[in-house]
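Here is the structure we will look at, set down as structure tokens.
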Amino acid sequence: MNRRCGDLLTVLRTPARMADLTLAGWDRLLPQAASAGLLARLSVLADDLGLTTTLPPSVQPHLTAARTLAARQRRAVLWEARKLDDALAATGMPVLVLKGAAYVLGELPPARGRLFADIDILVPKDRLGEAEACLMLAGWHAHRHSDYDQRYYRQWMHELPPMTHIRRASHLDVHHNLLPETARLKTRPEAVIEAARPLPGYRCLRLPALEDLVLHSATHLFHEGEWQHGLRDLADLDALLRLGNQRATWWTDLLAHAAAHNLTYPLALALRYCRRLLATPVPAAVLEEVGRAGARLLWPLRDALFLRGFATAHADCALPGTRLAAFLLYVRAHYLRMPLTLLLPHLLHKATQGQEKTAT
Amino acid sequence: MRLGELALAEVEQRLRHGLALATGPFVFRIRSPLPLVAENLHRLYADFPLAEGPFADFHVRVDRVAGPRRWLKPQAQFWLESVHPFQPLPADQAYALLEWGMNWCIAGHAHHYLMLHAAVLARGERALILPGDPGAGKSTLTAALMLDGWRLLSDELTLVDRHDGLIRALARPVSLKNASIGVIRAHAPAAVFGDEARDTHKGTVSHLKPSADSVARLAEPAHPAWIVFPRWRADAPARLTPRPKAAAFLHLASHAYNYSLLGELGFRLTARLMDTCQCWDFEYGHLPEALQCFRALAAR
């Protein structure tokens with residue numbers, strides 16, 4: 001991250017420092033935070049501290065507007081969750097909510113002031129067809145995907161083609177695993193499903209264990225090719241980790257889950273950058289232990305790459321080489337997603353089919 | 001300082017680094033290397049104050065699109081920070097593009113207001129809200145009312161303050177399309193227009209300079225008093241007929257930019273408008289007769 005982005009990291013670490021910002025500082029911070037998807041988060045944090053009315057009058061409307069949008073999205077997520085529960089309750093299958101929806105339904109700290117693009121759920125793989133049929137009956141449809149896209153998702157990915165509700169236009173991603181079938185890392189979704197607990201007030205929706213929410217968010221973040229909201233995801237992780245940290249056995253539990261799911265490496269990345277950028281209280285011994293999941297000599301290279309990934313949050317944050325890093329991260333995401341024997345024909349297909357909307 | 005106090009060359013100069021224009025509640029810091037943008041801003045925003053402080057609500061720019069096309073078919077692109085919400089347009093539409101982009105900035109972000117898709121003008125303290133479907137003659141009527149002495153608050157975006165339910169003014173230029181341009185030119189030969197942008201997705205578009213009075217009173221909010229749904233029909237006699245409030249409510253709510261986004265607040269603010277406003281349907285065929293009708297309405 002570039003020094004021009006320093007204020008953004010400072011206020012994410014210590015929200016009370018919002019009180020010290022000058023108007024010129026806000027002039028830079030507001031667009032940076034909005035671009036990173038973190039403005040509503042800052043707005044809620046300012047409110048919690050009773051700062052809002054002490055901030056410059058020209059800044060306050062932006063915070064109010066961001067908070068209003070986040071509140072609307074929260075209402076929409078709660079409503080969609082209700083509809084999903086209605087659509088899938090009869091099947092009796094466990095339906096896990098992931099990421100943003102999980103934070104809202106589980107009333108977890110990252111939910112506050114969070115924006116959403118879609119809702120993610122996870123169902124057992126052997127009941128995927130049943131889930132899809134029920135969702136279609138309730139109005140969710142996969143939109144205009146070619147046969148190739150269908151095969152891409154159904155054979156290789158960890159999710160169905162994205163679905164959209166015909167009336168509400170809400171987006172839904174139905175997963176059956178944390179990572180693509182073809183990914184280099186193999187994970188065990190059964191264990192995640194087993195560890196989830198029912199959500200009060202819903203019939204089939206369940207909340208994954210806190211450890212699994214951390215692991216899923218970390219895996220998602222460090223396997224993605226698009227990094228603009230990387231800092232937002234890191235802020236989610238920071239909030240989850242701080243919540244977990246209140247439990248005496250938290251770090252042991254987290255490491256055990258990571259080992260069981262074969263996800264220690266993405267966790268190592270998450271913990272490293274949470275601590276580095278957001279000063280998350282990760283014990284040094286824990287960092288040391290998970291750090292062994294990646295070759296020691298490569299850490300400087302990883303730092304160079306991922307810190308630039310986070311710097312794509314806003315043009316102001318860019319470091320020299322940010323564009324190259326963004327490209328490398330995109331390539332890396334594909335490389336992690338599937339072996340070269342699948343990847344090369346896939347990229348060739350995408351290139352020849354022009355703008356065909358095959359996801360990523 | 002007002003924009004009009006700067007020479008055109010100085011406006012061009014400032015547009016290179018960012019010209020901060022205060023349009024009511026929003027400060028736009030605008031950058032553009034295009035002379036068309038500078039000329040039109042200089043002409044149409046002459047009475048607007050320049051913002052002095054270091055803060056802007058929106059940092060926007062209109063740039064030439066790079067590449068070999070720029071020599072054959074030059075294009076312009078609108079940016080808010082690193083986002084470009086629209087496809088590039090032919091460079092001779094650059095100024096219209098800026099105006100649309102500024103509307104997009106407000107409509108997409110200013111959720112601290114209830115934003116209705118309606119023109120709004122005021123007589124004294126009282127605001128006249130003109131919702132209207134495209135082609136209903138809303139902009140033509142808005143322009144004519146402004147030229148008849150009504151104070152322009154906005155031709156497109158009615159901002160309802162969430163705290164007091166009052167309407168805040170933008171007073172930005174009125175966008176006129178196709179035949180309306182000629183109608184207003186004929187109606188008021190002294191009116192000042194921006195350059196015409198031809199063959200846009202809306203046809204030919206030209207912006208009308210807001211009256212000096214409208215800009216001078218930017219800071220004054222107005223009390224919503226009338227909601228009038230205009231409809232132009234060739235040679236129709238000007239006629240106001242009452243519109244049931246339930247129907248008016250539904251129309252406003254379904255044509256607002258962020259009614260449902262505001263949730264309960266959106267409902268309460270719209271309901272309050274219904275309580276404080278008379279609601280009318282208005283059909284007209286000729287502007288002078290229409291203006292007479294509104295003078296009578298205001299005098300009641």
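By convention in this document, the chains of the structure tokens carry letters A, B, ... by their order, each chain's residues are numbered from 1, and ligands are numbered from 1 in the order they are shown.
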
For Trp79 of chain B, find every residue with an atom within 12 Å (counting only C-alpha atoms), except residues of its own chain fewer than 6 positions away, and show them as number ranges by chain. B: 29-32, 58-65, 85-88, 94, 97-102, 104-105

According to DSSP computed on the backbone, where in segment 38-139 of chain A is there strand (DSSP E or B)? Give the residues as a list in words. Val95, Leu96, Val97, Leu98, Ile119, Asp120, Ile121 and Leu122 of chain A

Hey, which of A:Phe116, A:Trp26, A:Trp79, A:Trp250 ends up closest to Arg168 of chain A? Count only C-alpha atoms.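 For Arg168 of chain A, the nearest of the candidates is A:Trp79.
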
Contact table chain B vs chain A, cut-off 12 Å, shortest pair per residue, only C-alpha atoms, as a tab-separated table:
residue	atom	partner	partner_atom	distance
B:Pro25	CA	A:Ser58	CA	8.7
B:Phe26	CA	A:Ser58	CA	8.9
B:Val27	CA	A:Ser58	CA	9.5
B:Phe28	CA	A:Asp27	CA	11.7
B:Arg29	CA	A:Asp27	CA	10.7
B:Glu52	CA	A:Ala24	CA	11.9
B:Gly53	CA	A:Leu23	CA	8.2
B:Pro54	CA	A:Ala24	CA	5.2
B:Phe55	CA	A:Asp27	CA	5.1
B:Ala56	CA	A:Asp27	CA	6.3
B:Asp57	CA	A:Asp27	CA	7.7
B:Phe58	CA	A:Pro31	CA	8.3
B:His59	CA	A:Pro31	CA	8.5
B:Val60	CA	A:Pro31	CA	11.2
B:Leu80	CA	A:Pro31	CA	9.4
B:Glu81	CA	A:Pro31	CA	7.4
B:Ser82	CA	A:Ala315	CA	7.2
B:Val83	CA	A:Ser35	CA	8.9
B:Ile106	CA	A:Ala65	CA	10.9
B:Ala107	CA	A:Ala65	CA	11.3
B:Gly108	CA	A:Ala65	CA	10.0
B:His109	CA	A:Ala65	CA	6.8
B:Ala110	CA	A:Ala65	CA	5.9
B:His111	CA	A:Ala65	CA	4.4
B:His112	CA	A:Ala65	CA	4.6
B:Tyr113	CA	A:Ala65	CA	8.0
B:Leu114	CA	A:Ala65	CA	10.5
B:Met115	CA	A:Ala65	CA	11.9
B:Asp161	CA	A:Pro61	CA	10.9
B:Arg162	CA	A:Thr64	CA	10.5
B:His163	CA	A:Pro61	CA	11.7
B:Asn258	CA	A:Leu69	CA	9.6
B:Tyr259	CA	A:Arg72	CA	10.8
B:Ser260	CA	A:Arg72	CA	8.2
B:Leu261	CA	A:Arg72	CA	5.5
B:Leu262	CA	A:Thr68	CA	6.6
B:Gly263	CA	A:Arg72	CA	7.0
B:Glu264	CA	A:Arg72	CA	10.2
B:Leu265	CA	A:Thr68	CA	10.0
B:Gly266	CA	A:Thr68	CA	11.0

Convert the current residue selection to file output with N, CA and C atoms, as a compact mmCIF listing (two decimals), in the first residue's frame.
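Writing the result to out_30.txt gives the following:
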# COMPACT_ATOMS: atom_id res chain seq x y z
N PRO B 25 -26.07 21.24 -2.79
CA PRO B 25 -25.40 20.47 -1.73
C PRO B 25 -24.16 19.72 -2.20
N PHE B 26 -23.86 19.69 -3.48
CA PHE B 26 -22.75 18.88 -3.96
C PHE B 26 -21.65 19.72 -4.60
N VAL B 27 -20.42 19.39 -4.23
CA VAL B 27 -19.27 19.98 -4.91
C VAL B 27 -18.71 18.93 -5.86
N PHE B 28 -18.65 19.30 -7.15
CA PHE B 28 -18.03 18.44 -8.15
C PHE B 28 -16.65 18.98 -8.47
N ARG B 29 -15.63 18.15 -8.33
CA ARG B 29 -14.32 18.56 -8.83
C ARG B 29 -14.18 17.93 -10.21
N GLU B 52 -14.26 26.63 -2.48
CA GLU B 52 -12.92 27.07 -2.10
C GLU B 52 -12.13 25.99 -1.36
N GLY B 53 -12.83 25.21 -0.54
CA GLY B 53 -12.14 24.29 0.37
C GLY B 53 -11.47 23.12 -0.34
N PRO B 54 -10.81 22.26 0.45
CA PRO B 54 -10.10 21.13 -0.13
C PRO B 54 -11.01 19.93 -0.42
N PHE B 55 -12.31 20.05 -0.12
CA PHE B 55 -13.17 18.88 -0.18
C PHE B 55 -14.11 18.92 -1.37
N ALA B 56 -14.27 17.78 -2.06
CA ALA B 56 -15.29 17.65 -3.11
C ALA B 56 -16.08 16.38 -2.87
N ASP B 57 -17.38 16.43 -3.18
CA ASP B 57 -18.21 15.24 -3.02
C ASP B 57 -17.94 14.22 -4.11
N PHE B 58 -17.70 14.71 -5.32
CA PHE B 58 -17.45 13.80 -6.44
C PHE B 58 -16.26 14.32 -7.25
N HIS B 59 -15.33 13.41 -7.54
CA HIS B 59 -14.18 13.74 -8.37
C HIS B 59 -14.41 13.12 -9.73
N VAL B 60 -14.76 13.94 -10.70
CA VAL B 60 -15.13 13.39 -12.00
C VAL B 60 -14.22 13.94 -13.09
N LEU B 80 -15.96 8.63 -12.81
CA LEU B 80 -16.03 9.02 -11.40
C LEU B 80 -14.91 8.23 -10.75
N GLU B 81 -13.87 8.93 -10.31
CA GLU B 81 -12.70 8.20 -9.81
C GLU B 81 -12.26 7.20 -10.88
N SER B 82 -12.20 5.89 -10.54
CA SER B 82 -11.75 4.93 -11.54
C SER B 82 -12.92 4.16 -12.17
N VAL B 83 -14.14 4.65 -11.95
CA VAL B 83 -15.32 3.98 -12.49
C VAL B 83 -15.80 4.73 -13.73
N ILE B 106 -25.07 11.71 -8.49
CA ILE B 106 -26.02 12.06 -7.43
C ILE B 106 -27.02 10.92 -7.24
N ALA B 107 -27.64 10.49 -8.35
CA ALA B 107 -28.71 9.48 -8.23
C ALA B 107 -28.19 8.17 -7.64
N GLY B 108 -26.93 7.86 -7.89
CA GLY B 108 -26.40 6.59 -7.43
C GLY B 108 -25.80 6.63 -6.03
N HIS B 109 -25.61 7.81 -5.49
CA HIS B 109 -24.88 7.89 -4.22
C HIS B 109 -25.56 8.67 -3.11
N ALA B 110 -26.39 9.64 -3.47
CA ALA B 110 -26.85 10.59 -2.45
C ALA B 110 -28.06 10.04 -1.68
N HIS B 111 -27.88 8.89 -1.07
CA HIS B 111 -29.00 8.25 -0.39
C HIS B 111 -29.33 8.90 0.95
N HIS B 112 -28.67 9.99 1.28
CA HIS B 112 -29.11 10.76 2.45
C HIS B 112 -30.33 11.59 2.08
N TYR B 113 -30.69 11.62 0.79
CA TYR B 113 -31.96 12.23 0.35
C TYR B 113 -32.89 11.15 -0.16
N LEU B 114 -34.20 11.45 -0.15
CA LEU B 114 -35.11 10.72 -1.02
C LEU B 114 -35.01 11.41 -2.37
N MET B 115 -34.70 10.64 -3.41
CA MET B 115 -34.53 11.24 -4.73
C MET B 115 -35.65 10.80 -5.65
N ASP B 161 -35.13 16.31 1.62
CA ASP B 161 -34.27 16.19 2.78
C ASP B 161 -34.91 15.26 3.81
N ARG B 162 -34.13 14.30 4.31
CA ARG B 162 -34.70 13.32 5.22
C ARG B 162 -35.03 13.91 6.59
N HIS B 163 -34.42 15.05 6.93
CA HIS B 163 -34.64 15.60 8.26
C HIS B 163 -35.88 16.48 8.33
N ASN B 258 -34.55 6.07 -5.32
CA ASN B 258 -34.15 5.26 -4.16
C ASN B 258 -35.27 5.10 -3.13
N TYR B 259 -36.51 5.07 -3.60
CA TYR B 259 -37.64 4.92 -2.67
C TYR B 259 -37.50 3.65 -1.83
N SER B 260 -37.32 2.52 -2.50
CA SER B 260 -37.29 1.27 -1.73
C SER B 260 -35.98 1.12 -0.98
N LEU B 261 -34.93 1.74 -1.51
CA LEU B 261 -33.65 1.66 -0.80
C LEU B 261 -33.75 2.30 0.59
N LEU B 262 -34.56 3.34 0.70
CA LEU B 262 -34.68 4.02 1.98
C LEU B 262 -35.61 3.29 2.95
N GLY B 263 -36.33 2.28 2.45
CA GLY B 263 -37.20 1.50 3.32
C GLY B 263 -38.30 2.35 3.92
N GLU B 264 -38.49 2.20 5.23
CA GLU B 264 -39.59 2.88 5.91
C GLU B 264 -39.48 4.40 5.76
N LEU B 265 -38.24 4.89 5.78
CA LEU B 265 -38.04 6.33 5.64
C LEU B 265 -38.57 6.83 4.30
N GLY B 266 -38.37 6.04 3.25
CA GLY B 266 -38.88 6.39 1.93
C GLY B 266 -40.39 6.53 1.95

DSSP on the backbone, helix (DSSP H, G or I) only: what residues of segment 41-277 of chain B does that give? Format it as a PyMOL selection string. chain B and resi 41-44+69-72+91-109+138-147+179-187+212-216+245-254+264-276

Can you list, as a JSON list (two decimals) with C-alpha atoms, in the first residue's frame, every protein, DNA or RNA residue that comes within 12 Å of Leu8 of chain B when you count only C-alpha atoms, leaving out same-chain residues fewer than 3 positions away?
[["chain", "number", "residue", "atom", "x", "y", "z"],
["B", 3, "LEU", "CA", -17.23, 30.67, -12.41],
["B", 4, "GLY", "CA", -18.23, 33.48, -14.76],
["B", 5, "GLU", "CA", -15.60, 35.76, -13.22],
["B", 11, "VAL", "CA", -11.46, 27.78, -16.86],
["B", 12, "GLU", "CA", -9.59, 25.55, -19.31],
["B", 13, "GLN", "CA", -6.48, 25.87, -17.18],
["B", 14, "ARG", "CA", -8.31, 24.95, -13.97],
["B", 15, "LEU", "CA", -10.04, 22.01, -15.64],
["B", 35, "PRO", "CA", -12.46, 22.67, -25.00],
["B", 36, "LEU", "CA", -16.14, 21.77, -25.55],
["B", 37, "VAL", "CA", -16.51, 20.98, -21.85],
["B", 38, "ALA", "CA", -14.74, 24.18, -20.81],
["B", 39, "GLU", "CA", -16.82, 26.37, -23.13],
["B", 40, "ASN", "CA", -20.14, 24.94, -22.03],
["B", 41, "LEU", "CA", -19.32, 25.02, -18.34],
["B", 42, "HIS", "CA", -18.14, 28.60, -18.73],
["B", 43, "ARG", "CA", -21.35, 29.58, -20.47],
["B", 45, "TYR", "CA", -22.48, 27.64, -14.98],
["B", 46, "ALA", "CA", -21.31, 31.27, -15.07]]

So which residues touch Ser170 of chain A within 10 Å, counting only C-alpha atoms, skipping near sequence neighbours fewer than 6 positions away, as a PyMOL selection string? chain A and resi 76-77+80+117-119+140+163-164

Any idea what's packed within 6 Å of segment 92-95 of chain A, counting only C-alpha atoms, ignoring anything in its chain fewer than 5 positions away? Could you give it as a PyMOL selection string? chain A and resi 122-123+204-206

Got time to write the residues from that selection, N, CA and C atoms, as a PDB file, in the first residue's frame?
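Now in part.pdb:
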ATOM      1  N   LEU A 122     -24.228 -23.218   0.707  1.00  0.00           N
ATOM      2  CA  LEU A 122     -23.549 -24.481   0.456  1.00  0.00           C
ATOM      3  C   LEU A 122     -24.481 -25.621   0.839  1.00  0.00           C
ATOM      4  N   VAL A 123     -24.633 -26.580  -0.087  1.00  0.00           N
ATOM      5  CA  VAL A 123     -25.485 -27.744   0.191  1.00  0.00           C
ATOM      6  C   VAL A 123     -24.653 -29.007  -0.073  1.00  0.00           C
ATOM      7  N   CYS A 204     -34.150 -24.744   7.577  1.00  0.00           N
ATOM      8  CA  CYS A 204     -33.032 -25.517   7.027  1.00  0.00           C
ATOM      9  C   CYS A 204     -31.719 -24.733   6.972  1.00  0.00           C
ATOM     10  N   LEU A 205     -31.760 -23.429   7.187  1.00  0.00           N
ATOM     11  CA  LEU A 205     -30.522 -22.656   7.089  1.00  0.00           C
ATOM     12  C   LEU A 205     -29.631 -22.904   8.305  1.00  0.00           C
ATOM     13  N   ARG A 206     -28.361 -23.033   8.038  1.00  0.00           N
ATOM     14  CA  ARG A 206     -27.393 -23.269   9.112  1.00  0.00           C
ATOM     15  C   ARG A 206     -26.209 -22.341   8.994  1.00  0.00           C
TER      16      ARG A 206
END

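Residues in contact with Leu152 of chain B at up to 8 Å, not including ones fewer than 5 positions away on its chain and judged by only C-alpha atoms, are Val120, Leu121, Ala122, Thr142, Met146, Ala169, Ala171, Pro210, Ser211 and Ser214 of chain B.
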